[in-house]
4 protein chains.
Amino acid sequence: MKISHQPPARLFTSDNAAGVHPDVMAAVVRANESHALAYGLDKYTMQAKDAFSKLFDADVRTEFVFGGTGANILALACVLKPAEAVVCTAWSHIAVDETGAPERILGAKLIDLPSLDGKLRPEDLHSVAHLRGHVHHAQPAVVSITQSTELGTVYSPDEVRAICETAHELEMLVHMDGARLSNAAAVYGATPEALRSFTIDAGVDILSFGGMKAGIMFGEAVVFLKPKLGDRAEYIRKQITQLNSKMRFVSAQYVELFRDGLFFQLGAQANAMALALYERTKHHKSLGLVAPPQVNSLYPTISQPARTALQDWSFFWDWDVAAQQVRWMTAWDTTLEDIEAFGLGVDEVLNSN
Amino acid sequence: MKISHQPPARLFTSDNAAGVHPDVMAAVVRANESHALAYGLDKYTMQAKDAFSKLFDADVRTEFVFGGTGANILALACVLKPAEAVVCTAWSHIAVDETGAPERILGAKLIDLPSLDGKLRPEDLHSVAHLRGHVHHAQPAVVSITQSTELGTVYSPDEVRAICETAHELEMLVHMDGARLSNAAAVYGATPEALRSFTIDAGVDILSFGGMKAGIMFGEAVVFLKPKLGDRAEYIRKQITQLNSKMRFVSAQYVELFRDGLFFQLGAQANAMALALYERTKHHKSLGLVAPPQVNSLYPTISQPARTALQDWSFFWDWDVAAQQVRWMTAWDTTLEDIEAFGLGVDEVLNSN
Amino acid sequence: MKISHQPPARLFTSDNAAGVHPDVMAAVVRANESHALAYGLDKYTMQAKDAFSKLFDADVRTEFVFGGTGANILALACVLKPAEAVVCTAWSHIAVDETGAPERILGAKLIDLPSLDGKLRPEDLHSVAHLRGHVHHAQPAVVSITQSTELGTVYSPDEVRAICETAHELEMLVHMDGARLSNAAAVYGATPEALRSFTIDAGVDILSFGGMKAGIMFGEAVVFLKPKLGDRAEYIRKQITQLNSKMRFVSAQYVELFRDGLFFQLGAQANAMALALYERTKHHKSLGLVAPPQVNSLYPTISQPARTALQDWSFFWDWDVAAQQVRWMTAWDTTLEDIEAFGLGVDEVLNSN
Amino acid sequence: MKISHQPPARLFTSDNAAGVHPDVMAAVVRANESHALAYGLDKYTMQAKDAFSKLFDADVRTEFVFGGTGANILALACVLKPAEAVVCTAWSHIAVDETGAPERILGAKLIDLPSLDGKLRPEDLHSVAHLRGHVHHAQPAVVSITQSTELGTVYSPDEVRAICETAHELEMLVHMDGARLSNAAAVYGATPEALRSFTIDAGVDILSFGGMKAGIMFGEAVVFLKPKLGDRAEYIRKQITQLNSKMRFVSAQYVELFRDGLFFQLGAQANAMALALYERTKHHKSLGLVAPPQVNSLYPTISQPARTALQDWSFFWDWDVAAQQVRWMTAWDTTLEDIEAFGLGVDEVLNSN
């Protein structure tokens, strides 16, 4: 089976496959002026930190790192004490997609709870509360939730608030892995207020803030919404290999990303394209696309040989091979032309079945 | 004391303060075309890996990381076994300038030996050989040397070969921290042959390869000169938080850096400028500049209030406060105009003393 | 509710509550003769190591440690490489009862799979095989099973062999946590042959060998059934804080424990007493004791206030508070008099309900 | 060369080679009565903890561990934060005789300073103060001193006080590795007051308390002289593999050791025997014994073949092979008969030279 149509110009493999937004790239080029003190003692980094405080309308503490795993490790390393554990879902990136970085670098246990939709709930926290106070058990101390989740679902502000309240009652802190925060913010209005509603306003303590899936080249941030928690962050960042000497080239990207709401627009664009892809393909009942995506990914089922034919034509990743399920993911730069081109290919392989 | 001259356009604080070479920046911009598979499955990364093999005229294994500490940790993590130790100098970056990253992430002891010039010698390895075979001592297993060293000195090819031979006789491996490899290569001719002479040809096993001080924006490389040593490098890179999702933006820089020998030219330029600064200022006997620099740094002594006056005018770092010693470091983009401008300021403060 | 009968002389809380068998204590006292070289260079340690090789009828490598968690950590530390993971059940001692020691000291992820009976099965190993070869996932490398299990069940020799075959096919090693090995051996005949049938003969690679629950004072052993796996064990033992300077006092206990099969008799005695307790109490239907115990523990359900009354009279631990389930555990020194005395108390509280 | 005299009944290899004091052994046997709750919930442990508080005349917090390395690791693990470092001498047990346990389990750097006599001084702490506040350096946070030192020297109470005052001024804590605390206490009077004078009264924060070299079988203690520092000690003890299930057998030994000052008498006896050995042998000028020992070890020089002849006859360890230096160490059970017997052998080999 070979598809006759032209494949789309962009891939549906991952939002990591997209490049850098042109405005952000221009900011990188502009930042390349002469010399600047290394390690964050430059004007761009000061501006970027201020931009984060404005974004959250609070005096937050922001530290930049190289990548997403580094952000999660830094955030957790700043708050975990020996013999403590992190509570998360069994789908969480920290539990399954970081090759054991938390265990190696934090030396901490992850208590990864089953979850059908990638979300934790207050009752999950209660379910591990019996471990507290017993010397034989690692002590649950931090809850880590992902927004939007690894399964393409989104916590509502109320859901996050409920988690935070329960966690705090149990004397636990809440970390949010926000690798796809812009997509989540887009669900609630694509504004700073939307972002705040499920982060700082909901009681989240520390945030891994993702820029790379929202159009920048490299560099994520850890935002200590309770700034005191980051008191030793700069030492720990260096210790975990995440201190960038030429930091201005990360900072300048964030300044640009936040200037006119680009961060929110790009998340909204990715989400809109996933919805468009859903609308364009849902008539193929075999795909099993029964509900519109919440953010920027679809998880259709495609049997063979259609699946391979489609992947050979425009690559995307398998999700659950046993279930014949794949993942289609849109990015900040996905266009309606891409959707239509991809839809034609889908039509072709599925109609020929 | 206030200096009347115009300060130089560029700083003498560190080669980290310099930005990105324009050709490299252009390569970054060019790489921003549409989509590319993430995590190194892109054409730029393939090209860059090939470029490294050409550079070393051997089928080496190269893996990219975000920064220099990450490079050192990855290199060492790939070869250390439990209860083993790394032998290095007490000046080494891994021992004093990485905030304990090796201890935390490798869980390994660094045996940091005193050295007057920042270099290790074969007798240093013999001096720790008695630790071997005793269960109470961490076992010396890897020698880590820095080229050029943290004190601005350079190992000759013969010196590196002697270290490697002794290390291998003692069943130890040799890691070279090459954060300033381009400066070292410039000393021996600024050619691939020069680079090979004190790395692969001398018997070095693993190399942290520095691009950032040689004009790129971000991203260092670990080069397994004995490729087998890197068999598990990709897993370990992810585990130590150094896997870059949009890797093409690092790889494209290295492709450009190696295209026409830019890597070597920029190291040579930095060294030449340090020499020019030496020649321009050595007549001030109080600076104690008794010998020309080997690479790109000078360590003059300046008493107060001249020191502060000069730093307020064009900042540079103290080196040894007790000894009134400072560090002047040139970069790939330092110009003769910068040297002259800086020299005028030095003249002004020292002559007024 | 207050029980009028005399409580039993011994507790049913845990086999850890029992003391030291008199013959073993006598051996400890005998070993206290004059001086002996420290750290295992003594004659008792040589004898004890030989005794282990005889027990397994093979040239195994045995190293003594202080306790059970130390044994598990040493065993795993000797074989795990960076970025690898251990596969175990969610009930396993290493996963829930060691306060995160594996994560902290090994820096490794535990992939803890659900299990109704505390056992792993070959299909569990197949269920994680898809993680292999993907750089984002910690790589399953060692299977750890517990014999007898944390739920009081026992693997048959065939079950262990099946796990080992599958593990080895998948290039994984098999570690057995044998904290209650004597109880398991008793199930299959209480002989060296029985012990071998589900360990060395079944293909197990490394064994945590428990003596403390079988009547000794302190000191467990790690038995490398494939001796090569223990090549660096002595260094690693010291590094993980488990090297005993006055080792003869552990070794002498094992020599005695193995002299006339005491190890097997004591396991058999504990099991027999659990069976006797079952027979003595099963007529109370509310206890839910529907099947005889396989080894030395029962998990009855007792509602309040009977439960507290019984615990106040002769303490034992809760097992699952929500389910009103408790654990009664016998030890090597439990007697029929203890069973009868305890049974009278149970009768009294349950009949009065 | 072969020695004709009868060798001494006891060795001069190490105080680890000695066994258990008979009174302590009797206490172990007595503690073996029926059942006791595991993990320290027994009456002996309560008594032993009380005995420690009486010893220090303060409400200290005491936790038992298996061995000396475990004690040091537990003490340090309770107080170190990420990116912090321990300051010690280059002779310290933690730096050279624990196979990298601190680096592996604590993930912390040891800053090991040169010292001619095994002691740290306030100026050593000042010498690392410049590291503070710089994100590239691990932050000195705990000073670890050894009393008596690895070189057989002893800190005076005033020396310890000076270290503690300087450390506290620099916001560092002081840990004392007291593996040979009884020998040190003997120097100042062999009383609780003597012990307190250079520990709690001098400002030490945490103490590794050694019982094994003072006549017990196994088990050391960590004494939190500032009890708050041990708030999480029980969790961390389990996490670092140092929780003893049958703890009563350690606790009972300490109760006995402290009952009538046995702890102090045994340290004094070891010291007295080292002095007697010094007096008995110092007339051999070639031994270089120019000053009496402070505690229980001598470091004579003996050239070949006398050295080997003596070691073959009554074994002791080399100390510095290049310098032909050996170590003779006395123990709590060394007698004057041992001294005389050993002296005869020394006479024989040295006079025949």
# chains A, B, ... in the order shown; residues from 1 in each chain; ligands from 1
>>> residues_around(residues="D:Thr153", least_positions_apart="3", cutoff="10 Å", atoms="only C-alpha atoms", output="PDB file with N, CA and C atoms, in the first residue's frame")
ATOM      1  N   ASP D 117      49.289  16.201  61.325  1.00  0.00           N
ATOM      2  CA  ASP D 117      49.041  15.392  62.517  1.00  0.00           C
ATOM      3  C   ASP D 117      47.627  14.841  62.583  1.00  0.00           C
ATOM      4  N   GLY D 118      46.912  14.907  61.469  1.00  0.00           N
ATOM      5  CA  GLY D 118      45.571  14.342  61.452  1.00  0.00           C
ATOM      6  C   GLY D 118      44.504  15.235  62.052  1.00  0.00           C
ATOM      7  N   LYS D 119      44.886  16.453  62.428  1.00  0.00           N
ATOM      8  CA  LYS D 119      43.912  17.369  63.030  1.00  0.00           C
ATOM      9  C   LYS D 119      43.598  18.530  62.091  1.00  0.00           C
ATOM     10  N   THR D 146      38.106  13.782  63.641  1.00  0.00           N
ATOM     11  CA  THR D 146      38.176  12.436  64.200  1.00  0.00           C
ATOM     12  C   THR D 146      38.895  12.507  65.550  1.00  0.00           C
ATOM     13  N   GLN D 147      38.319  11.853  66.539  1.00  0.00           N
ATOM     14  CA  GLN D 147      38.881  11.912  67.892  1.00  0.00           C
ATOM     15  C   GLN D 147      38.884  10.514  68.490  1.00  0.00           C
ATOM     16  N   SER D 148      40.002   9.928  68.869  1.00  0.00           N
ATOM     17  CA  SER D 148      41.337  10.295  68.510  1.00  0.00           C
ATOM     18  C   SER D 148      41.540  10.125  67.008  1.00  0.00           C
ATOM     19  N   THR D 149      42.531  10.810  66.457  1.00  0.00           N
ATOM     20  CA  THR D 149      42.662  10.865  64.999  1.00  0.00           C
ATOM     21  C   THR D 149      43.231   9.573  64.415  1.00  0.00           C
ATOM     22  N   GLU D 150      43.179   9.524  63.092  1.00  0.00           N
ATOM     23  CA  GLU D 150      43.703   8.381  62.360  1.00  0.00           C
ATOM     24  C   GLU D 150      45.220   8.271  62.506  1.00  0.00           C
ATOM     25  N   SER D 156      42.719  18.423  72.020  1.00  0.00           N
ATOM     26  CA  SER D 156      42.395  18.857  73.374  1.00  0.00           C
ATOM     27  C   SER D 156      40.982  19.446  73.361  1.00  0.00           C
ATOM     28  N   ALA D 184      40.391   8.412  73.458  1.00  0.00           N
ATOM     29  CA  ALA D 184      40.554   9.854  73.641  1.00  0.00           C
ATOM     30  C   ALA D 184      40.124  10.265  75.042  1.00  0.00           C
ATOM     31  N   PRO D 293      53.223   7.483  72.875  1.00  0.00           N
ATOM     32  CA  PRO D 293      51.958   7.557  72.135  1.00  0.00           C
ATOM     33  C   PRO D 293      50.919   8.329  72.940  1.00  0.00           C
ATOM     34  N   GLN D 294      50.035   9.028  72.234  1.00  0.00           N
ATOM     35  CA  GLN D 294      48.939   9.706  72.942  1.00  0.00           C
ATOM     36  C   GLN D 294      47.820   8.732  73.249  1.00  0.00           C
ATOM     37  N   VAL D 295      47.556   7.833  72.344  1.00  0.00           N
ATOM     38  CA  VAL D 295      46.504   6.840  72.586  1.00  0.00           C
ATOM     39  C   VAL D 295      47.045   5.423  72.412  1.00  0.00           C
ATOM     40  N   ASN D 296      46.539   4.657  71.462  1.00  0.00           N
ATOM     41  CA  ASN D 296      46.860   3.227  71.461  1.00  0.00           C
ATOM     42  C   ASN D 296      47.613   2.731  70.226  1.00  0.00           C
ATOM     43  N   SER D 297      48.427   3.606  69.613  1.00  0.00           N
ATOM     44  CA  SER D 297      49.177   3.120  68.459  1.00  0.00           C
ATOM     45  C   SER D 297      50.561   3.740  68.391  1.00  0.00           C
TER      46      SER D 297
END
>>> select_by_dssp(residues="stretch 64-301 of chain C", states="strand (DSSP E or B)", output="ChimeraX atom specification")
/C:64-65,84-89,109-113,139-146,173-178,206-209,220-224,297-298,301
>>> interface_residues(of="chain A", to="chain D", cutoff="9 Å", atoms="only C-alpha atoms", output="list in words")
Ala77, Cys78, Lys81, Pro82, Ala83, Glu84, Ile105, Gly107, Gly133, His134, Val135, His136, His137, Ala138, Gln139, Arg232, Glu234, Tyr235, Ile236, Arg237, Lys238 and Gln239 of chain A
>>> select_by_dssp(residues="stretch 167-301 of chain B", states="alpha helix (DSSP H)", output="ChimeraX atom specification")
/B:167-169,181-187,192-197,233-239,248-259,262-281
>>> residues_around(residues="D:Ala309", least_positions_apart="2", cutoff="9 Å", atoms="only C-alpha atoms", output="list in words")
Met1, Lys2, Ile3, Gln304, Pro305, Ala306, Arg307, Gln311, Asp312, Trp313, Ser314 and Val349 of chain D
>>> atom_distance(atom1="atom CA of C:Ala38", atom2="atom CA of D:Arg104")
24.0 Å
>>> residues_around(residues="D:Ala214", least_positions_apart="5", cutoff="10 Å", atoms="only C-alpha atoms", output="PyMOL selection string")
chain D and resi 15-16+18-21+179-183+257+262-270+331-333
>>> closest_residue(among="C:Ser286, C:Thr330, C:Thr281, C:Ser245", to="D:Gly67", atoms="only C-alpha atoms")
C:Ser245
>>> residues_around(residues="stretch 197-203 of chain B", least_positions_apart="4", cutoff="8 Å", atoms="only C-alpha atoms", output="number ranges by chain")
B: 56, 155-158, 160-161, 164-165, 174, 176, 193, 207, 225
>>> write_last_selection(atoms="N, CA, C and O atoms", output="PDB file, in the first residue's frame")
ATOM      1  N   PHE B  56      38.738  13.387  13.630  1.00  0.00           N
ATOM      2  CA  PHE B  56      39.689  12.511  14.322  1.00  0.00           C
ATOM      3  C   PHE B  56      40.225  11.419  13.395  1.00  0.00           C
ATOM      4  O   PHE B  56      40.977  10.558  13.833  1.00  0.00           O
ATOM      5  N   TYR B 155      49.261  20.640  27.955  1.00  0.00           N
ATOM      6  CA  TYR B 155      50.024  19.392  27.872  1.00  0.00           C
ATOM      7  C   TYR B 155      50.592  19.252  26.475  1.00  0.00           C
ATOM      8  O   TYR B 155      49.876  19.458  25.481  1.00  0.00           O
ATOM      9  N   SER B 156      51.836  18.843  26.373  1.00  0.00           N
ATOM     10  CA  SER B 156      52.362  18.496  25.063  1.00  0.00           C
ATOM     11  C   SER B 156      51.826  17.112  24.687  1.00  0.00           C
ATOM     12  O   SER B 156      51.413  16.345  25.563  1.00  0.00           O
ATOM     13  N   PRO B 157      51.837  16.801  23.386  1.00  0.00           N
ATOM     14  CA  PRO B 157      51.426  15.444  22.981  1.00  0.00           C
ATOM     15  C   PRO B 157      52.197  14.376  23.749  1.00  0.00           C
ATOM     16  O   PRO B 157      51.602  13.374  24.175  1.00  0.00           O
ATOM     17  N   ASP B 158      53.487  14.584  23.936  1.00  0.00           N
ATOM     18  CA  ASP B 158      54.273  13.577  24.667  1.00  0.00           C
ATOM     19  C   ASP B 158      53.834  13.451  26.116  1.00  0.00           C
ATOM     20  O   ASP B 158      53.829  12.357  26.675  1.00  0.00           O
ATOM     21  N   VAL B 160      50.815  13.973  27.262  1.00  0.00           N
ATOM     22  CA  VAL B 160      49.553  13.221  27.292  1.00  0.00           C
ATOM     23  C   VAL B 160      49.831  11.745  27.050  1.00  0.00           C
ATOM     24  O   VAL B 160      49.274  10.872  27.730  1.00  0.00           O
ATOM     25  N   ARG B 161      50.705  11.449  26.111  1.00  0.00           N
ATOM     26  CA  ARG B 161      51.006  10.053  25.813  1.00  0.00           C
ATOM     27  C   ARG B 161      51.575   9.343  27.039  1.00  0.00           C
ATOM     28  O   ARG B 161      51.194   8.211  27.339  1.00  0.00           O
ATOM     29  N   CYS B 164      48.806   8.584  29.394  1.00  0.00           N
ATOM     30  CA  CYS B 164      47.951   7.491  28.895  1.00  0.00           C
ATOM     31  C   CYS B 164      48.655   6.161  29.053  1.00  0.00           C
ATOM     32  O   CYS B 164      48.033   5.165  29.454  1.00  0.00           O
ATOM     33  N   GLU B 165      49.931   6.115  28.733  1.00  0.00           N
ATOM     34  CA  GLU B 165      50.652   4.843  28.854  1.00  0.00           C
ATOM     35  C   GLU B 165      50.675   4.355  30.295  1.00  0.00           C
ATOM     36  O   GLU B 165      50.416   3.190  30.572  1.00  0.00           O
ATOM     37  N   VAL B 174      41.717   7.072  30.431  1.00  0.00           N
ATOM     38  CA  VAL B 174      42.033   8.494  30.448  1.00  0.00           C
ATOM     39  C   VAL B 174      40.912   9.309  29.804  1.00  0.00           C
ATOM     40  O   VAL B 174      40.530   9.063  28.653  1.00  0.00           O
ATOM     41  N   MET B 176      39.782  13.243  28.909  1.00  0.00           N
ATOM     42  CA  MET B 176      40.293  14.601  28.772  1.00  0.00           C
ATOM     43  C   MET B 176      39.129  15.578  28.766  1.00  0.00           C
ATOM     44  O   MET B 176      38.202  15.440  27.969  1.00  0.00           O
ATOM     45  N   GLU B 193      45.384  17.662  12.680  1.00  0.00           N
ATOM     46  CA  GLU B 193      46.529  16.844  13.075  1.00  0.00           C
ATOM     47  C   GLU B 193      47.022  17.246  14.461  1.00  0.00           C
ATOM     48  O   GLU B 193      47.385  16.397  15.280  1.00  0.00           O
ATOM     49  N   LEU B 207      36.745  11.963  25.496  1.00  0.00           N
ATOM     50  CA  LEU B 207      37.012  13.384  25.389  1.00  0.00           C
ATOM     51  C   LEU B 207      35.730  14.176  25.614  1.00  0.00           C
ATOM     52  O   LEU B 207      34.708  13.903  24.986  1.00  0.00           O
ATOM     53  N   LEU B 225      36.646   8.119  21.918  1.00  0.00           N
ATOM     54  CA  LEU B 225      37.712   7.801  20.956  1.00  0.00           C
ATOM     55  C   LEU B 225      37.865   6.289  20.858  1.00  0.00           C
ATOM     56  O   LEU B 225      38.286   5.774  19.809  1.00  0.00           O
TER      57      LEU B 225
END
>>> atom_distance(atom1="atom CA of B:Phe224", atom2="atom CA of B:Glu98")
21.7 Å
